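This report concerns only the one structure given below.
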Amino acid sequence: LSTETNLTRGLLGGIILAFTTSSYLYLTNRITGLSGIFCNSIIPTTDNEENTWPLIYVIGLGSSGFIVSIYYPDLFGKSEVTISTSVLLLTGFLCGFGTRLGNGCTSGHGLCGLPRLSPRSLAAVLSFMLTGVISASNRKYILEFIDNIIYIPELKGNSYSLLSAIASITVISTLYNKKYNFSLKNFTNYLATYISAFTFGIGLSIAGMCDNTKIINFLDFLNPNGWDPSLIGVLGAGVFINYFTFNALSKSNQCAPLCNQQSKHSSKLKIGYIKENLIINWKLIVGSALFGFSWGISGLCPGPSAVLAGSNSKLVELFVPAMLSGMVVQDLIFNSKK
């Protein structure tokens with residue numbers, strides 16, 4: 001095993017993530033699927049309220065990264081900043097395209113899907129874990145291959161990742177003519193969203209999910225420096241706790257206190273072998289596989305990339321704009337007729 005193994009941090013991070021996703025579900029009746037939240041922060045939806053809270057959630061994630069970078073920068077570990085420009089652009093695009101095609105990532109399908117005993121989410125997790133392990137284990141050769149066929153000059157100087165993320169969101173939402181419906185009557189809802197996102201970002205940082213080197217070492221079983229199983233605790237603790245909280249809420253007749261539509265938790269949570277959870281198609285498998293390939297190469301996914309953008313990490317200076325572009329392309333290809 002790797003000398004960098006820290007199961008305690010993984011478990012603690014997983015507990016925080018579970019607490020955050022369960023409490024946010026209880027308060028607002030929303031599932032914490034970060035790729036969907038990221039996508040809905042820039043692409044219009046039919047619900048005016050839905051057009052607003054995802055942006056607040058992304059801001060909350062970024063804020064947590066800003067605070068962590070000031071007071072506890074070691075939580076970001078040894079995040080690798082030497083990945084080439086071409087690799088960051090390609091993996092960012094595949095991450096965005098794949099997570100939207102597969103309708104989820106490690107949070108939506110893993111942290112919130114597995115506790116609902118969803119065969120659909122299990123298939124997605126198996127798909128992105130398999131391709132993640134394969135790509136991470138052969139990362140050296142894949143990096144050389146990409147750099148040999150795609151050459152893009154490296155960006156020198158200071159990091160502008162926070163600025164690039166803000167600019168990308170602004171430009172894309174403007175092109176989509178997305179309108180945000182900020183309303184004072186929803187202030188409590190927005191506050192809960194921001195606090196939940198901020199806490200979720202702290203949980204990701206503590207767990208090591210924002211340290212792309214740790215992610216890659218977790219996925220690479222053949223690492224000559226030893227395998228790092230730290231992140232097992234993240235998913236293990238998160239899924240274990242959410243299994244009980246999600247099932248309890250699904251049997252409750254209560255309405256979410258901060259949900260404007262006053263919808264019941266039982267109507268939102270789809271548990272077990274029901275129709276919605278049994279939809280396993282090529283989009284789910286291929287999309288998850290594309291995300292897994294990207295994850296194994298870059299060690300980055302939607303939630304941690306937002307946290308790192310807030311910390312102004314150069315690692316995501318190009319990754320986040322590329323990821324958002326991938327989400328847009330997926331939307332244009334598959335949803336333009338809707």
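By convention in this document, the chains of the structure tokens carry letters A, B, ... by their order, each chain's residues are numbered from 1, and ligands are numbered from 1 in the order they are shown.
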Spatial neighbours of A:Leu290, 8 Å, only C-alpha atoms, chain gap at least 5 places, as a VMD selection string: chain A and resid 94 to 95 97 to 99 128 131
Expected answer as a VMD selection string: alpha helix (DSSP H) residues in stretch 120-213 of chain A: chain A and resid 120 to 137 139 to 149 161 to 175 187 to 207 212 to 213
Distance query stretch 259-275 of chain A at most 10 Å, only C-alpha atoms, self and fewer than 4 positions along chain excluded, as a ChimeraX atom specification: /A:25-31,49,112-120,185-186,189,243,246-255,279
Nearest residue to A:Cys301 from the set A:Ile67, A:Leu155, A:Val316, A:Ile56 (distances using only C-alpha atoms):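 With only C-alpha atoms as the atom set, the closest residue is A:Val316.
Of note, atom CA of A:Glu317 and atom CA of A:Leu75 are spaced 19.2 Å apart.
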Nearest to A:Met323, chosen from A:Phe93, A:Trp53, A:Trp282, A:Tyr71, with only C-alpha atoms counted in the distances: A:Phe93
Nearest to A:Phe334, chosen from A:Ile202, A:Val171, A:Leu111, A:Leu101, with only C-alpha atoms counted in the distances: A:Leu101
Near-A:Pro44 list (10 Å; only C-alpha atoms; drop same-chain fewer than 6 positions) as a compact mmCIF listing (two decimals) with N, CA, C and O atoms, in the first residue's frame:
```
# COMPACT_ATOMS: atom_id res chain seq x y z
N GLU A 50 -35.46 26.48 -10.60
CA GLU A 50 -34.35 25.61 -10.96
C GLU A 50 -33.25 26.37 -11.69
O GLU A 50 -32.11 25.93 -11.75
N ASN A 51 -33.59 27.51 -12.25
CA ASN A 51 -32.59 28.31 -12.96
C ASN A 51 -31.67 29.05 -12.02
O ASN A 51 -30.66 29.59 -12.45
N THR A 52 -32.02 29.11 -10.74
CA THR A 52 -31.28 29.96 -9.81
C THR A 52 -30.41 29.17 -8.84
O THR A 52 -29.23 29.45 -8.68
N SER A 173 -24.14 31.00 -20.28
CA SER A 173 -25.50 31.33 -19.83
C SER A 173 -26.07 32.48 -20.64
O SER A 173 -27.28 32.53 -20.92
N TYR A 176 -27.16 31.14 -24.04
CA TYR A 176 -28.40 30.39 -23.88
C TYR A 176 -29.58 31.29 -23.47
O TYR A 176 -30.70 30.81 -23.31
N ASN A 177 -29.27 32.57 -23.28
CA ASN A 177 -30.28 33.52 -22.82
C ASN A 177 -30.93 33.05 -21.52
O ASN A 177 -32.15 33.14 -21.32
N LYS A 178 -30.09 32.52 -20.65
CA LYS A 178 -30.58 32.00 -19.37
C LYS A 178 -30.90 33.15 -18.42
O LYS A 178 -30.08 34.05 -18.23
N LYS A 179 -32.07 33.10 -17.84
CA LYS A 179 -32.50 34.15 -16.91
C LYS A 179 -32.58 33.56 -15.50
O LYS A 179 -33.18 32.51 -15.28
N TYR A 180 -31.97 34.27 -14.56
CA TYR A 180 -31.97 33.82 -13.17
C TYR A 180 -33.06 34.56 -12.40
O TYR A 180 -33.23 35.77 -12.56
```
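Atom CA of A:Gly208 lies 23.3 Å from atom CA of A:Leu90.
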Minimum-distance residue to A:Val58, chosen among A:Leu235, A:Leu11, A:Leu34, A:Leu222 (using only C-alpha atoms): A:Leu34
Test item: residues at most 9 Å from A:Ala306, only C-alpha atoms, excluding those fewer than 2 positions along its chain, as a PyMOL selection string: chain A and resi 38+58-59+61-62+65+162+165+201+301-304+308-311+316+320
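Atom CA of A:Gly60 is positioned 28.5 Å from atom CA of A:Ser84.
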